[in-house]
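Dropping target_13.pdb in here (PDB, C-alpha atoms and all ligand atoms):
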```
ATOM      1  CA  MET U   1     154.230  75.878  80.106  1.00  0.00           C
ATOM      2  CA  ALA U   2     155.661  72.480  79.259  1.00  0.00           C
ATOM      3  CA  GLU U   3     155.667  71.461  75.587  1.00  0.00           C
ATOM      4  CA  GLY U   4     152.938  68.951  74.700  1.00  0.00           C
ATOM      5  CA  MET U   5     150.928  69.662  77.840  1.00  0.00           C
ATOM      6  CA  VAL U   6     147.266  68.646  77.584  1.00  0.00           C
ATOM      7  CA  CYS U   7     144.131  69.901  79.341  1.00  0.00           C
ATOM      8  CA  TYR U   8     143.732  68.272  82.734  1.00  0.00           C
ATOM      9  CA  HIS U   9     140.007  67.940  82.218  1.00  0.00           C
ATOM     10  CA  HIS U  10     140.018  67.256  78.456  1.00  0.00           C
ATOM     11  CA  PRO U  11     143.039  65.062  77.743  1.00  0.00           C
ATOM     12  CA  SER U  12     142.388  65.069  73.989  1.00  0.00           C
ATOM     13  CA  GLN U  13     142.904  68.861  73.948  1.00  0.00           C
ATOM     14  CA  GLN U  14     146.202  70.695  73.820  1.00  0.00           C
ATOM     15  CA  ALA U  15     146.745  72.976  76.831  1.00  0.00           C
ATOM     16  CA  VAL U  16     146.947  76.700  75.987  1.00  0.00           C
ATOM     17  CA  ALA U  17     147.640  77.873  79.529  1.00  0.00           C
ATOM     18  CA  GLN U  18     148.189  76.724  83.067  1.00  0.00           C
ATOM     19  CA  CYS U  19     145.730  77.252  85.893  1.00  0.00           C
ATOM     20  CA  GLY U  20     146.612  80.416  87.815  1.00  0.00           C
ATOM     21  CA  ARG U  21     146.208  78.524  91.058  1.00  0.00           C
ATOM     22  CA  CYS U  22     147.224  74.867  90.707  1.00  0.00           C
ATOM     23  CA  LYS U  23     149.254  75.074  87.457  1.00  0.00           C
ATOM     24  CA  LYS U  24     147.355  72.248  85.752  1.00  0.00           C
ATOM     25  CA  GLY U  25     147.113  72.502  81.970  1.00  0.00           C
ATOM     26  CA  ILE U  26     143.904  73.989  80.590  1.00  0.00           C
ATOM     27  CA  CYS U  27     142.601  73.891  77.029  1.00  0.00           C
ATOM     28  CA  GLU U  28     141.341  76.861  75.045  1.00  0.00           C
ATOM     29  CA  ASP U  29     137.725  76.154  75.892  1.00  0.00           C
ATOM     30  CA  CYS U  30     138.451  75.858  79.628  1.00  0.00           C
ATOM     31  CA  TYR U  31     140.525  79.030  79.365  1.00  0.00           C
ATOM     32  CA  ASP U  32     137.663  80.933  77.773  1.00  0.00           C
ATOM     33  CA  THR U  33     135.124  79.567  80.211  1.00  0.00           C
ATOM     34  CA  TYR U  34     137.054  80.056  83.458  1.00  0.00           C
ATOM     35  CA  GLY U  35     139.045  83.129  82.491  1.00  0.00           C
ATOM     36  CA  VAL U  36     139.254  85.601  85.347  1.00  0.00           C
ATOM     37  CA  THR U  37     138.493  89.283  84.785  1.00  0.00           C
ATOM     38  CA  SER U  38     138.788  90.661  88.307  1.00  0.00           C
ATOM     39  CA  GLY U  39     140.535  90.031  91.594  1.00  0.00           C
ATOM     40  CA  GLU U  40     143.836  88.402  92.420  1.00  0.00           C
ATOM     41  CA  TYR U  41     143.789  86.070  89.366  1.00  0.00           C
ATOM     42  CA  ALA U  42     142.759  88.787  86.895  1.00  0.00           C
ATOM     43  CA  GLY U  43     144.080  88.220  83.385  1.00  0.00           C
ATOM     44  CA  ARG U  44     144.683  84.531  84.044  1.00  0.00           C
ATOM     45  CA  ALA U  45     142.461  81.490  83.976  1.00  0.00           C
ATOM     46  CA  LEU U  46     141.610  78.965  86.620  1.00  0.00           C
ATOM     47  CA  CYS U  47     140.739  75.344  85.982  1.00  0.00           C
ATOM     48  CA  TYR U  48     137.308  73.959  86.783  1.00  0.00           C
ATOM     49  CA  ASP U  49     138.439  72.525  90.158  1.00  0.00           C
ATOM     50  CA  CYS U  50     139.998  75.777  91.307  1.00  0.00           C
ATOM     51  CA  THR U  51     136.963  77.795  90.218  1.00  0.00           C
ATOM     52  CA  VAL U  52     134.789  75.495  92.336  1.00  0.00           C
ATOM     53  CA  LEU U  53     137.260  76.033  95.213  1.00  0.00           C
ATOM     54  CA  GLU U  54     136.901  79.799  94.813  1.00  0.00           C
ATOM     55  CA  VAL U  55     133.181  79.405  95.346  1.00  0.00           C
ATOM     56  CA  GLU U  56     133.754  77.310  98.456  1.00  0.00           C
ATOM     57  CA  GLU U  57     136.004  80.074  99.754  1.00  0.00           C
ATOM     58  CA  ASN U  58     133.293  82.632  99.029  1.00  0.00           C
ATOM     59  CA  VAL U  59     130.838  80.593 101.055  1.00  0.00           C
ATOM     60  CA  ASN U  60     133.364  80.231 103.911  1.00  0.00           C
ATOM     61  CA  ALA U  61     134.025  83.969 103.867  1.00  0.00           C
ATOM     62  CA  VAL U  62     130.295  84.655 104.046  1.00  0.00           C
ATOM     63  CA  THR U  63     129.900  82.249 106.974  1.00  0.00           C
ATOM     64  CA  LEU U  64     132.733  83.982 108.829  1.00  0.00           C
ATOM     65  CA  LEU U  65     131.399  87.471 108.135  1.00  0.00           C
ATOM     66  CA  ARG U  66     127.951  86.446 109.318  1.00  0.00           C
ATOM     67  CA  LYS U  67     129.478  85.258 112.596  1.00  0.00           C
ATOM     68  CA  ILE U  68     131.377  88.522 113.064  1.00  0.00           C
ATOM     69  CA  ILE U  69     128.278  90.581 112.365  1.00  0.00           C
ATOM     70  CA  LYS U  70     126.201  88.449 114.731  1.00  0.00           C
ATOM     71  CA  THR U  71     128.745  89.029 117.525  1.00  0.00           C
ATOM     72  CA  GLU U  72     128.690  92.780 116.830  1.00  0.00           C
ATOM     73  CA  PHE U  73     124.913  92.824 117.071  1.00  0.00           C
ATOM     74  CA  VAL U  74     124.971  90.858 120.338  1.00  0.00           C
ATOM     75  CA  PHE U  75     127.397  93.417 121.805  1.00  0.00           C
ATOM     76  CA  ILE U  76     125.194  96.285 120.661  1.00  0.00           C
ATOM     77  CA  ILE U  77     122.046  94.713 122.119  1.00  0.00           C
ATOM     78  CA  VAL U  78     123.720  93.891 125.443  1.00  0.00           C
ATOM     79  CA  GLY U  79     125.086  97.468 125.555  1.00  0.00           C
ATOM     80  CA  VAL U  80     121.643  98.944 124.867  1.00  0.00           C
ATOM     81  CA  VAL U  81     120.050  96.830 127.618  1.00  0.00           C
ATOM     82  CA  ILE U  82     122.734  97.644 130.210  1.00  0.00           C
ATOM     83  CA  GLY U  83     122.627 101.341 129.250  1.00  0.00           C
ATOM     84  CA  ALA U  84     118.824 101.443 129.382  1.00  0.00           C
ATOM     85  CA  VAL U  85     118.644  99.806 132.817  1.00  0.00           C
ATOM     86  CA  LEU U  86     121.384 102.049 134.245  1.00  0.00           C
ATOM     87  CA  GLY U  87     119.833 105.133 132.638  1.00  0.00           C
ATOM     88  CA  GLY U  88     116.398 104.279 133.994  1.00  0.00           C
ATOM     89  CA  ILE U  89     117.709 103.835 137.526  1.00  0.00           C
ATOM     90  CA  LEU U  90     119.972 106.907 137.497  1.00  0.00           C
ATOM     91  CA  MET U  91     117.568 109.372 135.889  1.00  0.00           C
ATOM     92  CA  GLY U  92     114.598 107.882 137.741  1.00  0.00           C
ATOM     93  CA  SER U  93     116.200 108.374 141.122  1.00  0.00           C
ATOM     94  CA  SER U  94     117.432 111.882 140.318  1.00  0.00           C
ATOM     95  CA  SER U  95     114.309 113.255 138.636  1.00  0.00           C
ATOM     96  CA  GLY U  96     111.772 111.096 140.469  1.00  0.00           C
ATOM     97  CA  ASP U  97     109.261 111.017 137.597  1.00  0.00           C
ATOM     98  CA  ILE U  98     108.407 108.711 134.723  1.00  0.00           C
ATOM     99  CA  GLY U  99     109.563 111.238 132.083  1.00  0.00           C
ATOM    100  CA  GLY U 100     113.045 111.147 133.594  1.00  0.00           C
ATOM    101  CA  VAL U 101     113.057 107.373 133.592  1.00  0.00           C
ATOM    102  CA  ILE U 102     112.075 107.277 129.904  1.00  0.00           C
ATOM    103  CA  MET U 103     114.716 109.877 128.995  1.00  0.00           C
ATOM    104  CA  GLY U 104     117.337 107.901 130.910  1.00  0.00           C
ATOM    105  CA  VAL U 105     116.378 104.641 129.213  1.00  0.00           C
ATOM    106  CA  ILE U 106     116.561 106.170 125.714  1.00  0.00           C
ATOM    107  CA  LEU U 107     119.732 108.214 126.193  1.00  0.00           C
ATOM    108  CA  PHE U 108     121.758 105.651 128.072  1.00  0.00           C
ATOM    109  CA  GLY U 109     120.398 102.849 125.929  1.00  0.00           C
ATOM    110  CA  LEU U 110     121.677 104.648 122.815  1.00  0.00           C
ATOM    111  CA  LEU U 111     125.053 105.281 124.429  1.00  0.00           C
ATOM    112  CA  GLY U 112     125.228 101.723 125.745  1.00  0.00           C
ATOM    113  CA  GLY U 113     124.759 100.482 122.191  1.00  0.00           C
ATOM    114  CA  CYS U 114     127.989 102.262 121.264  1.00  0.00           C
ATOM    115  CA  GLY U 115     129.795 100.416 124.068  1.00  0.00           C
ATOM    116  CA  TRP U 116     133.490 100.715 123.440  1.00  0.00           C
ATOM    117  CA  ALA U 117     133.429 104.180 121.832  1.00  0.00           C
ATOM    118  CA  VAL U 118     131.541 105.578 124.826  1.00  0.00           C
ATOM    119  CA  LEU U 119     133.917 103.978 127.310  1.00  0.00           C
ATOM    120  CA  LYS U 120     136.848 105.523 125.433  1.00  0.00           C
ATOM    121  CA  ALA U 121     135.099 108.900 125.410  1.00  0.00           C
ATOM    122  CA  LEU U 122     134.447 108.637 129.159  1.00  0.00           C
ATOM    123  CA  GLY U 123     138.122 107.835 129.661  1.00  0.00           C
ATOM    124  CA  LEU U 124     139.055 111.026 127.807  1.00  0.00           C
ATOM    125  CA  LEU U 125     136.578 113.096 129.831  1.00  0.00           C
ATOM    126  CA  ILE U 126     137.892 111.755 133.123  1.00  0.00           C
ATOM    127  CA  SER U 127     141.578 112.062 132.301  1.00  0.00           C
ATOM    128  CA  GLY U 128     141.036 115.482 130.677  1.00  0.00           C
ATOM    129  CA  GLY U 129     139.117 116.629 133.739  1.00  0.00           C
ATOM    130  CA  GLY U 130     141.921 115.326 135.937  1.00  0.00           C
ATOM    131  CA  ASP U 131     144.607 117.163 133.940  1.00  0.00           C
ATOM    132  CA  LEU U 132     142.652 120.385 134.094  1.00  0.00           C
ATOM    133  CA  GLY U 133     141.485 120.164 137.703  1.00  0.00           C
ATOM    134  CA  THR U 134     144.523 118.859 139.527  1.00  0.00           C
ATOM    135  CA  LYS U 135     147.431 119.938 137.329  1.00  0.00           C
ATOM    136  CA  GLY U 136     145.878 123.045 135.822  1.00  0.00           C
ATOM    137  CA  ASP U 137     146.935 121.699 132.423  1.00  0.00           C
ATOM    138  CA  PHE U 138     144.765 123.257 129.701  1.00  0.00           C
ATOM    139  CA  ARG U 139     145.426 120.422 127.288  1.00  0.00           C
ATOM    140  CA  GLY U 140     142.947 118.566 129.495  1.00  0.00           C
ATOM    141  CA  LEU U 141     140.253 120.809 128.028  1.00  0.00           C
ATOM    142  CA  GLY U 142     141.097 119.540 124.558  1.00  0.00           C
ATOM    143  CA  LYS U 143     140.710 115.957 125.751  1.00  0.00           C
ATOM    144  CA  MET U 144     137.342 116.756 127.311  1.00  0.00           C
ATOM    145  CA  ILE U 145     136.069 118.413 124.120  1.00  0.00           C
ATOM    146  CA  LYS U 146     137.172 115.390 122.122  1.00  0.00           C
ATOM    147  CA  GLY U 147     135.421 113.084 124.595  1.00  0.00           C
ATOM    148  CA  PHE U 148     132.181 115.088 124.358  1.00  0.00           C
ATOM    149  CA  ALA U 149     132.321 115.049 120.567  1.00  0.00           C
ATOM    150  CA  MET U 150     132.845 111.283 120.583  1.00  0.00           C
ATOM    151  CA  ILE U 151     129.818 110.778 122.823  1.00  0.00           C
ATOM    152  CA  ILE U 152     127.659 112.898 120.541  1.00  0.00           C
ATOM    153  CA  VAL U 153     128.653 111.136 117.306  1.00  0.00           C
ATOM    154  CA  ALA U 154     128.749 107.612 118.781  1.00  0.00           C
ATOM    155  CA  PRO U 155     124.997 106.865 118.446  1.00  0.00           C
ATOM    156  CA  PHE U 156     124.971 108.089 114.834  1.00  0.00           C
ATOM    157  CA  ARG U 157     127.974 105.948 113.990  1.00  0.00           C
ATOM    158  CA  THR U 158     126.337 102.941 115.574  1.00  0.00           C
ATOM    159  CA  ILE U 159     123.132 103.496 113.608  1.00  0.00           C
ATOM    160  CA  ILE U 160     125.114 103.850 110.359  1.00  0.00           C
ATOM    161  CA  LYS U 161     127.001 100.676 111.195  1.00  0.00           C
ATOM    162  CA  ILE U 162     123.806  98.713 111.824  1.00  0.00           C
ATOM    163  CA  VAL U 163     122.275  99.920 108.541  1.00  0.00           C
ATOM    164  CA  THR U 164     125.485  99.059 106.645  1.00  0.00           C
ATOM    165  CA  ARG U 165     125.666  95.613 108.194  1.00  0.00           C
ATOM    166  CA  LEU U 166     122.039  94.837 107.363  1.00  0.00           C
ATOM    167  CA  ARG U 167     122.704  95.856 103.762  1.00  0.00           C
ATOM    168  CA  GLN U 168     125.816  93.669 103.684  1.00  0.00           C
ATOM    169  CA  ILE U 169     123.885  90.675 105.008  1.00  0.00           C
ATOM    170  CA  LYS U 170     121.375  91.153 102.199  1.00  0.00           C
ATOM    171  CA  GLU U 171     124.160  91.351  99.598  1.00  0.00           C
ATOM    172  CA  MET U 172     125.927  88.335 101.049  1.00  0.00           C
ATOM    173  CA  ASN U 173     122.762  86.254 100.757  1.00  0.00           C
ATOM    174  CA  GLN U 174     122.584  87.358  97.132  1.00  0.00           C
ATOM    175  CA  ILE U 175     126.217  86.343  96.594  1.00  0.00           C
ATOM    176  CA  VAL U 176     125.678  82.871  98.048  1.00  0.00           C
ATOM    177  CA  ALA U 177     122.624  82.370  95.828  1.00  0.00           C
ATOM    178  CA  ASN U 178     124.489  83.643  92.728  1.00  0.00           C
ATOM    179  CA  ASP U 179     127.491  81.449  93.392  1.00  0.00           C
ATOM    180  CA  ALA U 180     125.345  78.377  93.953  1.00  0.00           C
ATOM    181  CA  LEU U 181     123.695  78.995  90.591  1.00  0.00           C
ATOM    182  CA  ALA U 182     127.061  79.547  88.897  1.00  0.00           C
ATOM    183  CA  VAL U 183     128.440  76.274  90.284  1.00  0.00           C
ATOM    184  CA  GLU U 184     125.356  74.446  89.113  1.00  0.00           C
ATOM    185  CA  GLU U 185     125.854  75.833  85.584  1.00  0.00           C
ATOM    186  CA  MET U 186     129.567  75.005  85.709  1.00  0.00           C
ATOM    187  CA  LYS U 187     128.939  71.449  86.809  1.00  0.00           C
ATOM    188  CA  ALA U 188     126.428  70.964  84.010  1.00  0.00           C
ATOM    189  CA  TYR U 189     128.900  72.381  81.488  1.00  0.00           C
ATOM    190  CA  PHE U 190     131.729  70.249  82.841  1.00  0.00           C
ATOM    191  CA  ALA U 191     129.639  67.081  82.550  1.00  0.00           C
ATOM    192  CA  TYR U 192     128.592  68.211  79.074  1.00  0.00           C
ATOM    193  CA  THR U 193     132.186  68.596  77.844  1.00  0.00           C
ATOM    194  CA  GLN U 194     133.096  65.182  79.281  1.00  0.00           C
ATOM    195  CA  VAL U 195     130.189  63.470  77.531  1.00  0.00           C
ATOM    196  CA  ILE U 196     130.846  65.291  74.240  1.00  0.00           C
ATOM    197  CA  GLU U 197     134.506  64.291  74.406  1.00  0.00           C
ATOM    198  CA  ALA U 198     133.592  60.637  74.995  1.00  0.00           C
ATOM    199  CA  ASN U 199     130.910  60.606  72.279  1.00  0.00           C
ATOM    200  CA  LYS U 200     132.548  62.265  69.280  1.00  0.00           C
ATOM    201  CA  GLY U 201     130.320  62.231  66.226  1.00  0.00           C
ATOM    202  CA  VAL U 202     127.106  61.561  68.156  1.00  0.00           C
ATOM    203  CA  GLU U 203     124.336  64.138  67.582  1.00  0.00           C
ATOM    204  CA  LEU U 204     123.628  66.351  70.602  1.00  0.00           C
ATOM    205  CA  ALA U 205     119.897  65.730  70.146  1.00  0.00           C
ATOM    206  CA  THR U 206     120.551  62.003  70.614  1.00  0.00           C
ATOM    207  CA  LEU U 207     122.553  62.583  73.796  1.00  0.00           C
ATOM    208  CA  VAL U 208     119.833  64.828  75.218  1.00  0.00           C
ATOM    209  CA  GLY U 209     117.066  62.482  74.078  1.00  0.00           C
ATOM    210  CA  PRO U 210     115.494  59.662  76.146  1.00  0.00           C
ATOM    211  CA  GLY U 211     118.154  57.401  77.636  1.00  0.00           C
ATOM    212  CA  GLY U 212     120.932  59.749  76.462  1.00  0.00           C
ATOM    213  CA  ALA U 213     123.903  60.641  78.676  1.00  0.00           C
ATOM    214  CA  LEU U 214     122.847  64.305  78.765  1.00  0.00           C
ATOM    215  CA  VAL U 215     119.135  63.827  79.286  1.00  0.00           C
ATOM    216  CA  GLU U 216     119.171  65.739  82.599  1.00  0.00           C
ATOM    217  CA  ASN U 217     121.903  68.201  81.569  1.00  0.00           C
ATOM    218  CA  LYS U 218     120.871  71.845  81.859  1.00  0.00           C
ATOM    219  CA  TYR U 219     123.691  73.120  79.658  1.00  0.00           C
ATOM    220  CA  ALA U 220     122.999  70.655  76.834  1.00  0.00           C
ATOM    221  CA  LYS U 221     119.358  71.693  76.885  1.00  0.00           C
ATOM    222  CA  ALA U 222     120.364  75.365  76.741  1.00  0.00           C
ATOM    223  CA  VAL U 223     122.562  74.643  73.700  1.00  0.00           C
ATOM    224  CA  LEU U 224     119.704  72.860  71.951  1.00  0.00           C
ATOM    225  CA  SER U 225     117.150  75.561  72.606  1.00  0.00           C
ATOM    226  CA  ASN U 226     119.269  78.764  72.487  1.00  0.00           C
ATOM    227  CA  GLY U 227     122.344  77.738  70.544  1.00  0.00           C
ATOM    228  CA  GLU U 228     125.929  77.153  71.612  1.00  0.00           C
ATOM    229  CA  SER U 229     127.017  80.783  71.756  1.00  0.00           C
ATOM    230  CA  ALA U 230     124.093  81.959  73.902  1.00  0.00           C
ATOM    231  CA  ALA U 231     124.691  79.064  76.304  1.00  0.00           C
ATOM    232  CA  GLN U 232     128.411  79.929  76.478  1.00  0.00           C
ATOM    233  CA  THR U 233     127.731  83.631  77.057  1.00  0.00           C
ATOM    234  CA  ASN U 234     125.359  82.813  79.878  1.00  0.00           C
ATOM    235  CA  LEU U 235     127.810  80.408  81.507  1.00  0.00           C
ATOM    236  CA  ARG U 236     130.699  82.862  81.246  1.00  0.00           C
ATOM    237  CA  SER U 237     128.748  85.676  82.827  1.00  0.00           C
ATOM    238  CA  GLU U 238     127.804  83.359  85.706  1.00  0.00           C
ATOM    239  CA  VAL U 239     131.450  82.368  86.206  1.00  0.00           C
ATOM    240  CA  LYS U 240     132.613  85.997  86.012  1.00  0.00           C
ATOM    241  CA  GLN U 241     130.170  86.766  88.825  1.00  0.00           C
ATOM    242  CA  ILE U 242     132.067  84.380  91.120  1.00  0.00           C
ATOM    243  CA  PHE U 243     135.251  86.427  90.875  1.00  0.00           C
ATOM    244  CA  ASP U 244     133.385  89.728  91.182  1.00  0.00           C
ATOM    245  CA  ASN U 245     131.720  88.347  94.313  1.00  0.00           C
ATOM    246  CA  ASN U 246     135.134  87.443  95.717  1.00  0.00           C
ATOM    247  CA  GLU U 247     136.159  91.082  95.449  1.00  0.00           C
ATOM    248  CA  LYS U 248     132.968  92.307  97.053  1.00  0.00           C
ATOM    249  CA  LEU U 249     133.460  89.951  99.999  1.00  0.00           C
ATOM    250  CA  LYS U 250     137.051  91.113 100.468  1.00  0.00           C
ATOM    251  CA  ASP U 251     135.721  94.662 100.617  1.00  0.00           C
ATOM    252  CA  PHE U 252     133.255  93.708 103.348  1.00  0.00           C
ATOM    253  CA  SER U 253     135.978  92.024 105.412  1.00  0.00           C
ATOM    254  CA  GLU U 254     138.241  95.050 105.105  1.00  0.00           C
ATOM    255  CA  LYS U 255     135.465  97.368 106.311  1.00  0.00           C
ATOM    256  CA  LYS U 256     135.009  95.389 109.526  1.00  0.00           C
TER     257      LYS U 256
HETATM  258 ZN    ZN V 301     143.543  74.820  89.076  1.00  0.00          ZN
HETATM  259 ZN    ZN V 302     139.687  71.754  79.006  1.00  0.00          ZN
END
```
Could I get this structure in the form of structure tokens?
Amino acid sequence: MAEGMVCYHHPSQQAVAQCGRCKKGICEDCYDTYGVTSGEYAGRALCYDCTVLEVEENVNAVTLLRKIIKTEFVFIIVGVVIGAVLGGILMGSSSGDIGGVIMGVILFGLLGGCGWAVLKALGLLISGGGDLGTKGDFRGLGKMIKGFAMIIVAPFRTIIKIVTRLRQIKEMNQIVANDALAVEEMKAYFAYTQVIEANKGVELATLVGPGGALVENKYAKAVLSNGESAAQTNLRSEVKQIFDNNEKLKDFSEKK
């Protein structure tokens, strides 16, 4: 860090560190407030701007994941419908009764929902059967067993996937709500530090009072009613959440 560097956001304060992302100088208070405990910036601190950017990235990641999940669900639904129709026709024409039709719709619908896995399994069955039948190669039997096993587990895997995705969607909504709250708190705190810096020596109660610069400020109100340290603790736990959420979202993307 350069000698004599000051905080980018609080020019009257000496910088104690540089932002882990943009390298701007940050003062002790910024460092304590936007210090990162988890994820790729762990052990460092980000400046206010970069912390806000992290939140924007969280929101973008959530938007992207939602799109991916939506596409997955569309594929599953289309597969179920195609499978159900095919199953109904096939089993209906071979058994000739309504029970057969219903069985066909359920079974093929379930398999259709697993789309790609079932196609791969069918490929194994056909090529395994070919190896065994035409070439007398017994390794074909292994392929066929693998194909059968894949067909049996496919519906369970699809159901597990749907349940997992629904849970992820719920968690993602929670993350977006948490992050929005954290940014709101951060913005209030940021405005608060700017006003305090520009009004040295003025009582906080005056600034929060009628006509004061902090009359609408949530953070200033929290300091007045709960004290500085409680307000700080609350803010820091909100900010910490942002970086924890980042990690959670990365996990979701990796499990795609
Ligand atoms: Zn930065
Ligand atoms: Zn600062």
### Task
For range 217-226 of chain U, list every protein, DNA or RNA residue within 6 Å, evaluated using all atoms listed in the file, and leave out those in the same chain fewer than 5 positions away; present the list as number ranges by chain.
U: 188-189, 231
Residues matched by the PyMOL selection byres (((not hetatm)) within 7 of (chain V and resi 302)), written as an mmCIF file with C-alpha atoms, in the coordinates of the input:
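Final file, part-v2.cif:
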```
data_model
loop_
_atom_site.group_PDB
_atom_site.id
_atom_site.type_symbol
_atom_site.label_atom_id
_atom_site.label_comp_id
_atom_site.auth_asym_id
_atom_site.auth_seq_id
_atom_site.Cartn_x
_atom_site.Cartn_y
_atom_site.Cartn_z
ATOM 1 C CA CYS U 7 144.131 69.901 79.341
ATOM 2 C CA TYR U 8 143.732 68.272 82.734
ATOM 3 C CA HIS U 9 140.007 67.940 82.218
ATOM 4 C CA HIS U 10 140.018 67.256 78.456
ATOM 5 C CA GLN U 13 142.904 68.861 73.948
ATOM 6 C CA ILE U 26 143.904 73.989 80.590
ATOM 7 C CA CYS U 27 142.601 73.891 77.029
ATOM 8 C CA GLU U 28 141.341 76.861 75.045
ATOM 9 C CA ASP U 29 137.725 76.154 75.892
ATOM 10 C CA CYS U 30 138.451 75.858 79.628
#
```
### Query
Once you count all atoms listed in the file, which residues end up within 10 Å of ligand ZN 301 (chain V), and could you hand them over as number ranges by chain?
U: 8, 18-26, 45-53
### Message
Ranking U:Ile196, U:Ala182, U:Ile162, U:Leu235 by minimum distance to Ser12 in chain U and counting all atoms listed in the file, which one comes first?
### Response
U:Ile196
### Message
For a quick check of understanding, using all atoms listed in the file, which of U:Gly133, U:Gly39, U:Gly100, U:Gly115 has the smallest distance to Lys248 in chain U?
### Response
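Among U:Gly133, U:Gly39, U:Gly100, U:Gly115, it is U:Gly39 that comes nearest to Lys248 in chain U.
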### Message
Going by the chain IDs and residue numbers used in this file, which residues fall under the PyMOL selection byres (((chain U and resi 135-150) around 10) and not hetatm)? Write them as an MDAnalysis selection string.
### Response
chainID U and resid 117:134 151:155 157
### Query
Using all atoms listed in the file, which residues sit within 7 Å of Arg44 in chain U once same-chain residues fewer than 3 positions away are excluded, as a list in words?
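Counting only the stated atoms, we get Gly20, Gly35, Val36 and Tyr41 of chain U.
The gap separating CA of Val239 in chain U from CA of Val195 in chain U is 20.8 Å, in Å to one decimal.
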### Task
In the coordinates of the file, take the point (128.2, 86.3, 96.7) and a cut-off of 7 Å; then, counting all atoms listed in the file, name each qualifying protein, DNA or RNA residue as a list in words.
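Every residue inside that radius is included here: Asn58, Met172, Asn173, Gln174, Ile175, Val176, Ala177, Asn178, Asp179 and Asn245 of chain U.
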### Query
What is the CA of Glu57 in chain U to CA of Arg165 in chain U distance in Å?
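Separation of CA of Glu57 in chain U and CA of Arg165 in chain U: 20.5 Å.
Closest approach to Arg66 in chain U among U:Thr206, U:Gln232, U:Thr33, U:Gln168 is made by U:Gln168 (distances from all atoms listed in the file).
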### Query
Can you tell me, as number ranges by chain, what residues are no more than 12 Å from Glu72 in chain U when counting all atoms listed in the file, ignoring any on the same chain fewer than 2 positions away?
U: 65-70, 74-79, 113-116, 158, 161-162, 165-166, 256
Dump of C-alpha atoms for the selected residues, as a short mmCIF file (atom, residue, chain, number, x, y, z; two decimals), keeping the file's coordinate frame:
```
data_model
loop_
_atom_site.label_atom_id
_atom_site.label_comp_id
_atom_site.auth_asym_id
_atom_site.auth_seq_id
_atom_site.Cartn_x
_atom_site.Cartn_y
_atom_site.Cartn_z
CA LEU U 65 131.40 87.47 108.14
CA ARG U 66 127.95 86.45 109.32
CA LYS U 67 129.48 85.26 112.60
CA ILE U 68 131.38 88.52 113.06
CA ILE U 69 128.28 90.58 112.36
CA LYS U 70 126.20 88.45 114.73
CA VAL U 74 124.97 90.86 120.34
CA PHE U 75 127.40 93.42 121.80
CA ILE U 76 125.19 96.28 120.66
CA ILE U 77 122.05 94.71 122.12
CA VAL U 78 123.72 93.89 125.44
CA GLY U 79 125.09 97.47 125.56
CA GLY U 113 124.76 100.48 122.19
CA CYS U 114 127.99 102.26 121.26
CA GLY U 115 129.79 100.42 124.07
CA TRP U 116 133.49 100.72 123.44
CA THR U 158 126.34 102.94 115.57
CA LYS U 161 127.00 100.68 111.20
CA ILE U 162 123.81 98.71 111.82
CA ARG U 165 125.67 95.61 108.19
CA LEU U 166 122.04 94.84 107.36
CA LYS U 256 135.01 95.39 109.53
#
```
Name the residues captured by the PyMOL selection byres (((chain U and resi 85) around 12) and not hetatm) when it is applied to the shown file; answer as a CSV table (one decimal) with C-alpha atoms, in the frame of the given file.
```csv
chain,number,residue,atom,x,y,z
U,78,VAL,CA,123.7,93.9,125.4
U,79,GLY,CA,125.1,97.5,125.6
U,80,VAL,CA,121.6,98.9,124.9
U,81,VAL,CA,120.0,96.8,127.6
U,82,ILE,CA,122.7,97.6,130.2
U,83,GLY,CA,122.6,101.3,129.2
U,84,ALA,CA,118.8,101.4,129.4
U,86,LEU,CA,121.4,102.0,134.2
U,87,GLY,CA,119.8,105.1,132.6
U,88,GLY,CA,116.4,104.3,134.0
U,89,ILE,CA,117.7,103.8,137.5
U,90,LEU,CA,120.0,106.9,137.5
U,91,MET,CA,117.6,109.4,135.9
U,92,GLY,CA,114.6,107.9,137.7
U,101,VAL,CA,113.1,107.4,133.6
U,102,ILE,CA,112.1,107.3,129.9
U,103,MET,CA,114.7,109.9,129.0
U,104,GLY,CA,117.3,107.9,130.9
U,105,VAL,CA,116.4,104.6,129.2
U,106,ILE,CA,116.6,106.2,125.7
U,107,LEU,CA,119.7,108.2,126.2
U,108,PHE,CA,121.8,105.7,128.1
U,109,GLY,CA,120.4,102.8,125.9
U,110,LEU,CA,121.7,104.6,122.8
U,111,LEU,CA,125.1,105.3,124.4
U,112,GLY,CA,125.2,101.7,125.7
```
### Query
So which one's closest to Gln241 in chain U, U:Val55, U:Val215, U:Ile160, U:Met5? Using all atoms listed in the file, please.
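The closest residue to Gln241 in chain U is U:Val55.
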### Task
Tell me, in Å to one decimal, how far CA of Gly4 in chain U is from CA of Thr233 in chain U.
29.3 Å
